[in-house]
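S.K.: Just coords-v9.txt, nothing more (compact mmCIF, C-alpha atoms):
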```
# COMPACT_ATOMS: atom_id res chain seq x y z
CA MET M 248 0.00 0.00 0.00
CA SER M 249 2.76 2.41 0.94
CA GLY M 250 4.40 3.84 -2.14
CA GLN M 251 7.52 5.72 -1.23
CA HIS M 252 8.12 4.31 2.20
CA SER M 253 8.71 0.58 2.38
CA GLU M 254 7.40 -1.29 5.40
CA ASP M 255 10.87 -2.23 6.57
CA THR M 256 12.56 1.14 6.53
CA PRO M 257 10.03 3.61 7.86
CA THR M 258 12.73 6.07 8.93
CA HIS M 259 14.25 6.60 5.51
CA ASN M 260 12.94 8.57 2.63
CA PRO M 261 14.78 7.57 -0.51
CA ARG M 262 13.21 10.28 -2.69
CA PRO M 263 15.80 12.82 -3.81
CA ARG M 264 15.12 16.37 -2.65
CA GLY M 265 13.70 18.91 -5.05
CA ARG M 266 11.34 16.63 -6.98
CA PRO M 267 7.89 17.45 -5.67
CA ARG M 268 5.41 14.61 -5.39
CA THR M 269 2.06 15.16 -7.00
CA VAL M 270 0.19 12.08 -5.79
CA ILE M 271 0.14 11.35 -2.07
CA ASP M 272 -1.14 8.20 -0.51
CA LEU M 273 -2.40 8.22 3.04
CA ASP M 274 -0.06 5.43 4.10
CA ALA M 275 2.89 7.61 3.15
CA VAL M 276 1.40 10.42 5.24
CA ALA M 277 0.99 8.07 8.19
CA ASP M 278 4.60 6.92 7.83
CA ALA M 279 5.83 10.50 7.67
CA VAL M 280 4.05 11.33 10.93
CA ALA M 281 5.47 8.22 12.57
CA GLU M 282 8.97 9.30 11.49
CA LEU M 283 8.43 12.70 13.06
CA VAL M 284 7.47 11.02 16.35
CA ILE M 285 10.43 8.59 16.25
CA ASP M 286 12.84 11.48 15.70
CA GLY M 287 11.34 14.22 17.82
CA GLY M 288 8.58 12.94 20.07
CA GLU M 289 4.89 13.72 19.97
CA ASN M 290 5.41 17.46 19.95
CA ALA M 291 7.18 17.14 16.60
CA ILE M 292 3.92 16.28 14.83
CA SER M 293 2.96 19.08 12.45
CA ILE M 294 1.61 19.56 8.95
CA VAL M 295 4.73 21.53 8.07
CA GLY M 296 7.03 18.76 9.28
CA ALA M 297 5.02 16.08 7.50
CA ALA M 298 5.04 18.08 4.26
CA GLU M 299 8.83 18.33 4.46
CA ARG M 300 9.21 14.60 5.03
CA LEU M 301 6.90 13.87 2.12
CA ASP M 302 8.67 16.44 -0.02
CA ILE M 303 5.42 18.09 -1.01
CA SER M 304 4.24 21.64 -0.56
CA ARG M 305 2.44 22.58 2.62
CA ALA M 306 -0.50 23.82 0.56
CA THR M 307 -0.88 20.40 -1.06
CA LEU M 308 -0.82 18.62 2.28
CA TYR M 309 -3.19 21.13 3.89
CA ARG M 310 -5.74 20.37 1.16
CA LEU M 311 -5.60 16.67 2.02
CA VAL M 312 -5.11 17.02 5.79
CA PRO M 313 -6.38 20.32 7.19
CA THR M 314 -5.37 19.85 10.85
CA LYS M 315 -2.91 18.07 13.10
CA GLU M 316 -5.86 16.06 14.44
CA ASP M 317 -6.45 14.77 10.92
CA LEU M 318 -2.82 13.67 10.73
CA VAL M 319 -3.23 11.66 13.92
CA GLY M 320 -6.51 10.23 12.58
CA ILE M 321 -4.70 8.97 9.49
CA MET M 322 -2.08 7.28 11.66
CA PHE M 323 -4.85 5.66 13.66
CA GLU M 324 -6.63 4.39 10.59
CA ARG M 325 -3.45 2.83 9.24
CA ALA M 326 -2.30 1.37 12.56
CA THR M 327 -5.60 -0.38 13.15
CA ARG M 328 -6.50 -1.43 9.61
CA GLN M 329 -3.32 -3.43 9.02
CA GLN M 330 -3.59 -5.26 12.32
CA THR M 331 -7.27 -6.01 11.75
CA GLU M 332 -6.44 -7.49 8.33
CA VAL M 333 -3.81 -9.87 9.73
CA LEU M 334 -5.99 -10.77 12.68
CA SER M 335 -9.00 -11.64 10.51
CA GLU M 336 -6.87 -13.69 8.19
CA VAL M 337 -5.35 -15.66 11.08
CA VAL M 338 -8.70 -16.23 12.77
CA GLU M 339 -10.36 -17.38 9.56
CA SER M 340 -7.47 -19.58 8.45
CA GLY M 341 -8.58 -22.64 10.42
CA ILE M 342 -4.99 -23.54 11.32
CA PRO M 343 -4.22 -25.31 14.64
CA VAL M 344 -4.31 -23.07 17.70
CA ARG M 345 -0.56 -23.36 18.29
CA ASP M 346 0.13 -21.98 14.82
CA ARG M 347 -2.51 -19.31 15.30
CA LEU M 348 -0.78 -18.17 18.48
CA ILE M 349 2.59 -18.17 16.72
CA ARG M 350 1.20 -16.03 13.91
CA LEU M 351 -0.42 -13.57 16.30
CA ILE M 352 2.82 -13.14 18.25
CA ARG M 353 4.82 -12.62 15.05
CA MET M 354 2.26 -10.09 13.86
CA GLN M 355 2.29 -8.26 17.18
CA VAL M 356 6.09 -8.00 17.38
CA GLU M 357 6.24 -6.91 13.76
CA THR M 358 3.56 -4.28 14.37
CA ALA M 359 5.23 -3.03 17.55
CA ILE M 360 8.43 -2.44 15.58
CA ARG M 361 6.93 -1.01 12.43
CA LEU M 362 4.51 1.27 14.26
CA ARG M 363 6.79 2.19 17.15
CA GLY M 364 6.51 5.85 16.18
CA TYR M 365 2.75 5.58 16.76
CA MET M 366 3.01 4.10 20.24
CA PRO M 367 3.66 7.28 22.24
CA ILE M 368 0.56 8.74 20.61
CA PHE M 369 -1.77 5.83 21.20
CA PHE M 370 -0.50 5.03 24.68
CA GLY M 371 0.46 8.51 25.76
CA SER M 372 -1.52 10.42 28.31
CA ASP M 373 -2.94 13.13 26.10
CA GLY M 374 -1.73 12.63 22.56
CA LEU M 375 -5.05 11.78 20.88
CA PRO M 376 -8.00 13.89 19.83
CA ALA M 377 -11.13 12.71 21.70
CA ASP M 378 -12.90 11.08 18.74
CA VAL M 379 -9.77 9.20 17.64
CA PHE M 380 -9.22 8.09 21.23
CA GLN M 381 -12.73 6.66 21.38
CA ARG M 382 -12.34 4.78 18.12
CA TRP M 383 -8.96 3.50 19.33
CA HIS M 384 -10.49 2.36 22.59
CA ALA M 385 -13.33 0.49 20.85
CA TRP M 386 -10.90 -1.05 18.40
CA SER M 387 -8.51 -2.12 21.18
CA ARG M 388 -11.29 -3.92 23.01
CA GLU M 389 -12.26 -5.90 19.93
CA PHE M 390 -8.64 -6.59 19.10
CA GLU M 391 -7.98 -7.87 22.60
CA ALA M 392 -11.08 -10.06 22.42
CA THR M 393 -9.65 -11.88 19.39
CA TRP M 394 -6.38 -12.44 21.23
CA HIS M 395 -8.37 -13.58 24.27
CA ASP M 396 -10.15 -16.26 22.22
CA CYS M 397 -6.86 -17.56 20.85
CA VAL M 398 -5.27 -17.76 24.33
CA GLU M 399 -8.40 -19.50 25.66
CA ASP M 400 -8.25 -22.10 22.88
CA ALA M 401 -4.51 -22.55 23.48
CA MET M 402 -5.17 -23.32 27.15
CA ALA M 403 -8.05 -25.65 26.31
CA GLU M 404 -5.74 -27.66 24.05
CA GLY M 405 -2.82 -27.65 26.48
CA VAL M 406 -0.64 -25.43 24.29
CA LEU M 407 -0.46 -22.91 27.13
CA GLU M 408 -0.60 -23.67 30.85
CA GLN M 409 -4.09 -23.19 32.35
CA ALA M 410 -4.38 -19.76 33.96
CA ASP M 411 -6.58 -16.65 34.01
CA VAL M 412 -7.15 -16.02 30.29
CA GLY M 413 -7.57 -12.24 30.49
CA THR M 414 -4.39 -11.69 32.48
CA THR M 415 -2.40 -14.09 30.31
CA THR M 416 -3.59 -12.32 27.16
CA ARG M 417 -2.50 -8.94 28.48
CA LEU M 418 0.88 -10.26 29.62
CA VAL M 419 1.60 -11.76 26.20
CA LEU M 420 0.41 -8.62 24.44
CA GLY M 421 2.54 -6.50 26.77
CA MET M 422 5.64 -8.58 26.08
CA CYS M 423 5.13 -7.94 22.36
CA LEU M 424 4.06 -4.29 22.55
CA TRP M 425 6.91 -3.30 24.83
CA VAL M 426 9.29 -4.23 21.99
CA SER M 427 8.35 -0.85 20.53
CA ARG M 428 10.14 0.75 23.49
CA TRP M 429 13.49 -0.99 23.25
CA TYR M 430 13.82 -1.93 19.57
CA ARG M 431 16.66 -0.14 17.78
CA ALA M 432 17.30 -0.88 14.11
CA GLU M 433 21.03 -0.35 14.69
CA ASP M 434 21.19 -3.26 17.16
CA GLY M 435 20.76 -5.62 14.22
CA ILE M 436 18.13 -7.69 16.04
CA GLY M 437 15.19 -8.16 13.71
CA THR M 438 11.50 -8.91 14.00
CA GLU M 439 11.89 -12.59 13.19
CA HIS M 440 14.55 -13.10 15.86
CA ILE M 441 12.53 -11.32 18.54
CA ALA M 442 9.37 -13.24 17.66
CA ARG M 443 11.26 -16.54 17.84
CA VAL M 444 12.67 -15.71 21.28
CA ALA M 445 9.19 -14.70 22.47
CA LEU M 446 7.80 -18.02 21.26
CA SER M 447 10.56 -20.04 22.91
CA LEU M 448 9.79 -18.23 26.15
CA ILE M 449 6.10 -19.14 26.30
CA LEU M 450 6.02 -22.25 24.06
CA PRO M 451 9.33 -23.88 25.03
CA GLU M 452 8.82 -27.28 23.43
CA GLY M 453 8.31 -25.74 20.00
CA SER M 454 11.49 -23.70 19.71
CA MET G 206 8.98 4.95 54.57
CA SER G 207 5.88 6.72 53.40
CA GLY G 208 3.94 8.18 56.28
CA GLN G 209 0.62 9.39 55.03
CA HIS G 210 0.38 7.33 51.87
CA SER G 211 0.46 3.59 52.33
CA GLU G 212 2.09 1.50 49.61
CA ASP G 213 -1.12 -0.24 48.72
CA THR G 214 -3.39 2.73 48.32
CA PRO G 215 -1.32 5.38 46.59
CA THR G 216 -4.39 7.10 45.15
CA HIS G 217 -6.07 7.87 48.45
CA ASN G 218 -5.16 10.48 50.96
CA PRO G 219 -6.86 9.72 54.25
CA ARG G 220 -5.81 12.98 55.93
CA PRO G 221 -8.84 15.13 56.69
CA ARG G 222 -8.82 18.51 54.99
CA GLY G 223 -7.95 21.60 56.99
CA ARG G 224 -5.22 20.14 59.18
CA PRO G 225 -1.98 21.39 57.66
CA ARG G 226 1.00 19.04 57.74
CA THR G 227 4.17 20.43 59.21
CA VAL G 228 6.59 17.60 58.43
CA ILE G 229 6.79 16.34 54.84
CA ASP G 230 8.64 13.27 53.75
CA LEU G 231 9.91 12.99 50.21
CA ASP G 232 8.13 9.69 49.61
CA ALA G 233 4.83 11.42 50.29
CA VAL G 234 5.79 14.11 47.78
CA ALA G 235 6.66 11.45 45.19
CA ASP G 236 3.32 9.72 45.79
CA ALA G 237 1.45 12.98 45.44
CA VAL G 238 3.09 13.66 42.06
CA ALA G 239 2.29 10.11 40.92
CA GLU G 240 -1.36 10.64 41.88
CA LEU G 241 -1.44 13.83 39.82
CA VAL G 242 -0.16 11.88 36.80
CA ILE G 243 -2.60 8.98 37.31
CA ASP G 244 -5.51 11.42 37.46
CA GLY G 245 -4.55 14.04 34.92
CA GLY G 246 -1.55 12.97 32.84
CA GLU G 247 1.93 14.45 32.78
CA ASN G 248 0.71 17.97 32.25
CA ALA G 249 -1.02 17.84 35.64
CA ILE G 250 2.33 17.89 37.47
CA SER G 251 2.72 21.13 39.39
CA ILE G 252 3.92 22.37 42.75
CA VAL G 253 0.48 23.84 43.38
CA GLY G 254 -1.25 20.54 42.62
CA ALA G 255 1.20 18.57 44.75
CA ALA G 256 0.77 21.00 47.67
CA GLU G 257 -3.00 20.51 47.50
CA ARG G 258 -2.67 16.73 47.50
CA LEU G 259 -0.30 16.89 50.44
CA ASP G 260 -2.53 19.38 52.22
CA ILE G 261 0.34 21.75 52.88
CA SER G 262 0.83 25.36 51.90
CA ARG G 263 2.48 26.11 48.58
CA ALA G 264 5.11 28.18 50.39
CA THR G 265 6.12 25.18 52.49
CA LEU G 266 6.42 22.93 49.46
CA TYR G 267 8.30 25.58 47.45
CA ARG G 268 10.91 25.71 50.22
CA LEU G 269 11.47 21.96 49.91
CA VAL G 270 10.97 21.64 46.15
CA PRO G 271 11.61 24.88 44.27
CA THR G 272 10.76 23.70 40.71
CA LYS G 273 8.69 21.17 38.79
CA GLU G 274 11.99 19.54 37.72
CA ASP G 275 12.77 18.94 41.39
CA LEU G 276 9.40 17.22 41.79
CA VAL G 277 10.23 14.87 38.94
CA GLY G 278 13.70 14.31 40.41
CA ILE G 279 12.11 13.22 43.69
CA MET G 280 9.89 10.75 41.83
CA PHE G 281 12.93 9.39 40.05
CA GLU G 282 14.89 8.96 43.26
CA ARG G 283 12.03 7.08 44.86
CA ALA G 284 11.23 4.93 41.83
CA THR G 285 14.81 3.76 41.45
CA ARG G 286 15.84 3.45 45.11
CA GLN G 287 13.08 0.99 46.03
CA GLN G 288 13.75 -1.22 43.04
CA THR G 289 17.50 -1.17 43.65
CA GLU G 290 16.93 -2.24 47.26
CA VAL G 291 14.82 -5.27 46.27
CA LEU G 292 17.18 -6.16 43.45
CA SER G 293 20.28 -6.10 45.68
CA GLU G 294 18.53 -8.15 48.31
CA VAL G 295 17.46 -10.79 45.77
CA VAL G 296 20.89 -10.96 44.15
CA GLU G 297 22.71 -11.28 47.47
CA SER G 298 20.25 -13.80 48.93
CA GLY G 299 22.00 -16.85 47.46
CA ILE G 300 18.64 -18.53 46.71
CA PRO G 301 18.29 -20.90 43.72
CA VAL G 302 17.99 -19.17 40.35
CA ARG G 303 14.39 -20.26 39.84
CA ASP G 304 13.39 -18.54 43.09
CA ARG G 305 15.46 -15.51 42.18
CA LEU G 306 13.60 -15.22 38.89
CA ILE G 307 10.26 -15.61 40.67
CA ARG G 308 11.15 -12.84 43.12
CA LEU G 309 12.32 -10.51 40.36
CA ILE G 310 9.09 -10.98 38.42
CA ARG G 311 6.98 -10.40 41.52
CA MET G 312 8.98 -7.27 42.30
CA GLN G 313 8.66 -6.01 38.74
CA VAL G 314 4.88 -6.51 38.55
CA GLU G 315 4.47 -4.93 41.97
CA THR G 316 6.60 -1.97 40.93
CA ALA G 317 4.77 -1.54 37.63
CA ILE G 318 1.49 -1.30 39.53
CA ARG G 319 2.65 0.86 42.41
CA LEU G 320 4.60 3.26 40.22
CA ARG G 321 2.21 3.30 37.27
CA GLY G 322 1.78 7.05 37.69
CA TYR G 323 5.52 7.42 37.07
CA MET G 324 5.61 5.41 33.85
CA PRO G 325 4.40 8.08 31.42
CA ILE G 326 7.16 10.31 32.77
CA PHE G 327 10.01 7.85 32.59
CA PHE G 328 8.96 6.29 29.30
CA GLY G 329 7.37 9.33 27.74
CA SER G 330 9.00 11.16 24.90
CA ASP G 331 9.86 14.38 26.65
CA GLY G 332 8.70 14.26 30.25
CA LEU G 333 12.08 14.30 31.98
CA PRO G 334 14.56 17.08 32.68
CA ALA G 335 17.89 16.25 30.97
CA ASP G 336 19.88 15.45 34.12
CA VAL G 337 17.16 13.19 35.51
CA PHE G 338 16.89 11.48 32.13
CA GLN G 339 20.61 10.73 32.16
CA ARG G 340 20.51 9.31 35.67
CA TRP G 341 17.45 7.26 34.69
CA HIS G 342 19.22 5.94 31.62
CA ALA G 343 22.35 4.94 33.57
CA TRP G 344 20.23 3.35 36.26
CA SER G 345 18.13 1.43 33.72
CA ARG G 346 21.23 -0.04 32.14
CA GLU G 347 22.51 -1.31 35.46
CA PHE G 348 19.07 -2.56 36.44
CA GLU G 349 18.73 -4.45 33.18
CA ALA G 350 22.20 -5.97 33.65
CA THR G 351 21.10 -7.53 36.94
CA TRP G 352 18.03 -8.99 35.25
CA HIS G 353 20.24 -10.17 32.39
CA ASP G 354 22.47 -12.13 34.79
CA CYS G 355 19.47 -13.82 36.36
CA VAL G 356 18.02 -14.82 32.98
CA GLU G 357 21.43 -16.11 31.89
CA ASP G 358 21.76 -18.26 35.02
CA ALA G 359 18.18 -19.51 34.55
CA MET G 360 19.03 -20.67 31.03
CA ALA G 361 22.30 -22.25 32.16
CA GLU G 362 20.39 -24.31 34.73
CA GLY G 363 17.55 -25.22 32.37
CA VAL G 364 14.93 -23.16 34.23
CA LEU G 365 14.33 -21.17 31.05
CA GLU G 366 14.65 -22.42 27.48
CA GLN G 367 18.01 -21.50 25.90
CA ALA G 368 17.69 -18.38 23.77
CA ASP G 369 19.23 -14.95 23.22
CA VAL G 370 19.61 -13.68 26.80
CA GLY G 371 19.30 -9.96 26.04
CA THR G 372 16.11 -10.33 24.03
CA THR G 373 14.59 -12.73 26.57
CA THR G 374 15.36 -10.30 29.39
CA ARG G 375 13.66 -7.44 27.61
CA LEU G 376 10.62 -9.52 26.72
CA VAL G 377 10.15 -10.62 30.34
CA LEU G 378 10.68 -7.08 31.59
CA GLY G 379 8.21 -5.77 29.01
CA MET G 380 5.57 -8.29 30.02
CA CYS G 381 5.87 -7.02 33.61
CA LEU G 382 6.23 -3.30 32.86
CA TRP G 383 3.27 -3.22 30.50
CA VAL G 384 1.08 -4.16 33.48
CA SER G 385 1.33 -0.48 34.41
CA ARG G 386 -0.69 0.28 31.26
CA TRP G 387 -3.65 -2.01 31.83
CA TYR G 388 -3.84 -2.44 35.60
CA ARG G 389 -7.00 -0.98 37.14
CA ALA G 390 -7.54 -1.29 40.89
CA GLU G 391 -11.30 -1.57 40.30
CA ASP G 392 -10.85 -4.81 38.30
CA GLY G 393 -10.01 -6.56 41.56
CA ILE G 394 -7.00 -8.33 40.01
CA GLY G 395 -4.06 -7.87 42.35
CA THR G 396 -0.29 -7.93 42.11
CA GLU G 397 0.03 -11.45 43.47
CA HIS G 398 -2.44 -12.86 40.94
CA ILE G 399 -0.77 -11.14 38.00
CA ALA G 400 2.68 -12.27 39.12
CA ARG G 401 1.47 -15.86 39.45
CA VAL G 402 -0.03 -15.84 35.95
CA ALA G 403 3.21 -14.38 34.57
CA LEU G 404 5.18 -17.15 36.24
CA SER G 405 2.89 -19.88 34.96
CA LEU G 406 3.34 -18.44 31.47
CA ILE G 407 7.14 -18.66 31.39
CA LEU G 408 7.78 -21.33 34.07
CA PRO G 409 4.87 -23.71 33.43
CA GLU G 410 6.02 -26.65 35.52
CA GLY G 411 6.14 -24.55 38.67
CA SER G 412 2.65 -23.13 38.61
```
Once you've parsed the file, please lay out its structure as structure tokens.
M.R.:
Amino acid sequence: MSGQHSEDTPTHNPRPRGRPRTVIDLDAVADAVAELVIDGGENAISIVGAAERLDISRATLYRLVPTKEDLVGIMFERATRQQTEVLSEVVESGIPVRDRLIRLIRMQVETAIRLRGYMPIFFGSDGLPADVFQRWHAWSREFEATWHDCVEDAMAEGVLEQADVGTTTRLVLGMCLWVSRWYRAEDGIGTEHIARVALSLILPEGS
Amino acid sequence: MSGQHSEDTPTHNPRPRGRPRTVIDLDAVADAVAELVIDGGENAISIVGAAERLDISRATLYRLVPTKEDLVGIMFERATRQQTEVLSEVVESGIPVRDRLIRLIRMQVETAIRLRGYMPIFFGSDGLPADVFQRWHAWSREFEATWHDCVEDAMAEGVLEQADVGTTTRLVLGMCLWVSRWYRAEDGIGTEHIARVALSLILPEGS
């Protein structure tokens, strides 16, 4: 979906300066905002900054995205849509619960890394406009419910030790989401490696 | 250490209004700041707000804590000191590595819950004054190294599955620290329960 910015290198913009873009896709906008947050924190979010990253004129971006709140809304839409797509696909795939769990953990680690610029916004104390926050909250609940079902099935089939399903779900999610806090591309430790270590930690016999 | 604020109920101040306090301990100040953050986010931190929570005059608090940065510094000192104390005690106890790991996880979950008001500050993008941030960073590194040693020993003795020690350490820490994001006292799920579920997740045979 993302044109200029590949999924794996969200912090680089390979476009040479001075060649204005005429078509903008919203994923590229979302990536640009995430880059601003990675580099400068939440306060660095601005239409001007995003326009510079995208190498387009401010006027062009203002036509598409009139306010900073709209920028955050675009990030939200992207962050949730991609996860929902993977989640639905995994749930509907009919694969054994152990493989389902493995795919969810991989997806979650991958998302935590790719969207790490979004995390301070979505988990910060006051980064979100009220309507985006409410959509995020509703989405999170549904998202967690899908995870919950998978953990419940995993316990029923002995893949995970029997325990409180809700707490287990949140602990596993937390393990994955916290990766967004410590991941550094320059460490050379990739998504696949982290996901494998996470799996060996909670599903030892399968590593 | 904390006089007015007990460890288990950091969000309640049982002192009746109208009876000014004459002696203030720094732990009570740290708790008051944490309460401000829990209730109103980082931007709610202020000397005035803390003085109200502590039921002391602003002038009295200003004498002890001249700036907002000093308030955050006091939180930092408290957040790190208590964890360092537990960590040193566990490391020096000479107990088997499995029990050491269990105690570290309990401590970490307990800390994540008790200090959840501090988390947005210490893990936020721009909440900390520069000198406090540097002390926090140095402290975190040392703290993580102690965890790292315990995880390494646990793998050497077969308590944990063999895997990359650094990544495993951060995943376990993340699982515990993320509790600060979802814990709600009103859910009725306590520290001990959460710690037990965490242990059953990564040390299944001991649950």
S.K.: When you count only C-alpha atoms, which of these residues is closest to chain M: G:Arg346, G:Trp341, G:Ile307, G:Gly245?
M.R.: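 Closest to chain M of all the choices is G:Gly245.
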S.K.: Counting only C-alpha atoms, what are the residues of chain M within 9 Å of chain G, and for each of them which pair of atoms is the nearest and at what distance in Å, to one decimal? Sort the table by chain and rising number, as a tab-separated table.
M.R.:
```
residue	atom	partner	partner_atom	distance
M:Val284	CA	G:Ser330	CA	8.7
M:Gly287	CA	G:Ser330	CA	8.1
M:Gly288	CA	G:Ser330	CA	5.2
M:Glu289	CA	G:Ser330	CA	6.9
M:Asn290	CA	G:Asp331	CA	8.6
M:Pro367	CA	G:Gly329	CA	6.9
M:Phe370	CA	G:Arg386	CA	8.1
M:Gly371	CA	G:Pro325	CA	6.9
M:Ser372	CA	G:Gly246	CA	5.2
M:Asp373	CA	G:Gly246	CA	6.9
M:Leu407	CA	G:Leu406	CA	7.3
M:Glu408	CA	G:Pro409	CA	6.0
M:Gln409	CA	G:Ser405	CA	8.2
M:Ala410	CA	G:Val402	CA	6.2
M:Asp411	CA	G:Val402	CA	6.9
M:Thr414	CA	G:Ile399	CA	6.6
M:Thr415	CA	G:Val402	CA	6.4
M:Arg417	CA	G:Trp387	CA	7.8
M:Leu418	CA	G:Met380	CA	5.1
M:Val419	CA	G:Met380	CA	6.5
M:Leu420	CA	G:Met380	CA	7.6
M:Gly421	CA	G:Met380	CA	4.8
M:Met422	CA	G:Met380	CA	4.0
M:Cys423	CA	G:Leu376	CA	7.2
M:Leu424	CA	G:Gly379	CA	7.8
M:Trp425	CA	G:Gly379	CA	5.0
M:Val426	CA	G:Leu376	CA	7.2
M:Arg428	CA	G:Phe328	CA	8.1
M:Trp429	CA	G:Arg375	CA	7.8
M:Ile436	CA	G:Thr372	CA	8.7
M:His440	CA	G:Thr372	CA	8.8
M:Ile441	CA	G:Thr372	CA	6.6
M:Arg443	CA	G:Ala368	CA	8.9
M:Val444	CA	G:Ala368	CA	6.2
M:Ala445	CA	G:Leu376	CA	6.9
M:Ser447	CA	G:Glu366	CA	6.6
M:Leu448	CA	G:Ile407	CA	5.9
M:Ile449	CA	G:Ile407	CA	5.2
M:Leu450	CA	G:Ile407	CA	8.2
M:Pro451	CA	G:Glu366	CA	6.0
M:Glu452	CA	G:Glu366	CA	8.6
M:Ser454	CA	G:Glu366	CA	8.5
```
S.K.: Set the distance at 12 Å and use all atoms listed in the file: which residues neighbour G:Val295 once local chain neighbours fewer than 4 positions away are removed? I'd like the list as a PDB file with C-alpha atoms, in the frame of the given file.
M.R.:
```pdb
ATOM      1  CA  GLN G 288      13.750  -1.220  43.040  1.00  0.00           C
ATOM      2  CA  THR G 289      17.500  -1.170  43.650  1.00  0.00           C
ATOM      3  CA  GLU G 290      16.930  -2.240  47.260  1.00  0.00           C
ATOM      4  CA  VAL G 291      14.820  -5.270  46.270  1.00  0.00           C
ATOM      5  CA  GLY G 299      22.000 -16.850  47.460  1.00  0.00           C
ATOM      6  CA  ILE G 300      18.640 -18.530  46.710  1.00  0.00           C
ATOM      7  CA  PRO G 301      18.290 -20.900  43.720  1.00  0.00           C
ATOM      8  CA  VAL G 302      17.990 -19.170  40.350  1.00  0.00           C
ATOM      9  CA  ARG G 303      14.390 -20.260  39.840  1.00  0.00           C
ATOM     10  CA  ASP G 304      13.390 -18.540  43.090  1.00  0.00           C
ATOM     11  CA  ARG G 305      15.460 -15.510  42.180  1.00  0.00           C
ATOM     12  CA  LEU G 306      13.600 -15.220  38.890  1.00  0.00           C
ATOM     13  CA  ILE G 307      10.260 -15.610  40.670  1.00  0.00           C
ATOM     14  CA  ARG G 308      11.150 -12.840  43.120  1.00  0.00           C
ATOM     15  CA  LEU G 309      12.320 -10.510  40.360  1.00  0.00           C
ATOM     16  CA  ILE G 310       9.090 -10.980  38.420  1.00  0.00           C
ATOM     17  CA  ARG G 311       6.980 -10.400  41.520  1.00  0.00           C
ATOM     18  CA  MET G 312       8.980  -7.270  42.300  1.00  0.00           C
ATOM     19  CA  THR G 351      21.100  -7.530  36.940  1.00  0.00           C
ATOM     20  CA  TRP G 352      18.030  -8.990  35.250  1.00  0.00           C
ATOM     21  CA  CYS G 355      19.470 -13.820  36.360  1.00  0.00           C
TER      22      CYS G 355
END
```
S.K.: Smallest atom-to-atom distance to M:Val406: which of M:Leu446, M:Ala377, M:Glu391, M:Ala275, using all atoms listed in the file?
M.R.: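 Nearest to M:Val406: M:Leu446.
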S.K.: Can you tell me how far atom CA of M:Leu273 sits from atom CA of M:Arg325, in Å to one decimal?
M.R.: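 Straight-line distance from atom CA of M:Leu273 to atom CA of M:Arg325 works out to 8.3 Å.
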S.K.: Which residues are near M:Leu283? Cut-off 10 Å, all atoms listed in the file, ignore same chain within fewer than 4 positions. Put them as a ChimeraX atom specification.
M.R.: /M:258,278-279,287-293,296-297,300,364-365
S.K.: So that I have them on file, write out the residues from the current selection with C-alpha atoms, as a short mmCIF file (atom, residue, chain, number, x, y, z; two decimals), in the frame of the given file.
M.R.:
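And here's part18.cif as it stands now:
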```cif
data_model
loop_
_atom_site.label_atom_id
_atom_site.label_comp_id
_atom_site.auth_asym_id
_atom_site.auth_seq_id
_atom_site.Cartn_x
_atom_site.Cartn_y
_atom_site.Cartn_z
CA THR M 258 12.73 6.07 8.93
CA ASP M 278 4.60 6.92 7.83
CA ALA M 279 5.83 10.50 7.67
CA GLY M 287 11.34 14.22 17.82
CA GLY M 288 8.58 12.94 20.07
CA GLU M 289 4.89 13.72 19.97
CA ASN M 290 5.41 17.46 19.95
CA ALA M 291 7.18 17.14 16.60
CA ILE M 292 3.92 16.28 14.83
CA SER M 293 2.96 19.08 12.45
CA GLY M 296 7.03 18.76 9.28
CA ALA M 297 5.02 16.08 7.50
CA ARG M 300 9.21 14.60 5.03
CA GLY M 364 6.51 5.85 16.18
CA TYR M 365 2.75 5.58 16.76
#
```
S.K.: Stretch 361-364 of chain M, all listed atoms, 6 Å padding on each side: what axis-aligned box centre and edge lengths in Å to one decimal come out, as lines of an AutoDock Vina configuration file?
M.R.:
```
center_x = 5.7
center_y = 2.4
center_z = 14.8
size_x = 14.4
size_y = 18.9
size_z = 16.7
```
S.K.: So how many Å separate atom CA of M:Tyr309 and atom CA of M:Asp286, to one decimal?
M.R.: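 Result for atom CA of M:Tyr309 versus atom CA of M:Asp286: 22.1 Å, one decimal.
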S.K.: Would you please work out which residue, of M:Leu375, M:Ala401, M:Ile294, M:Ala281, is nearest to M:Leu311 when using all atoms listed in the file?
M.R.: M:Ile294
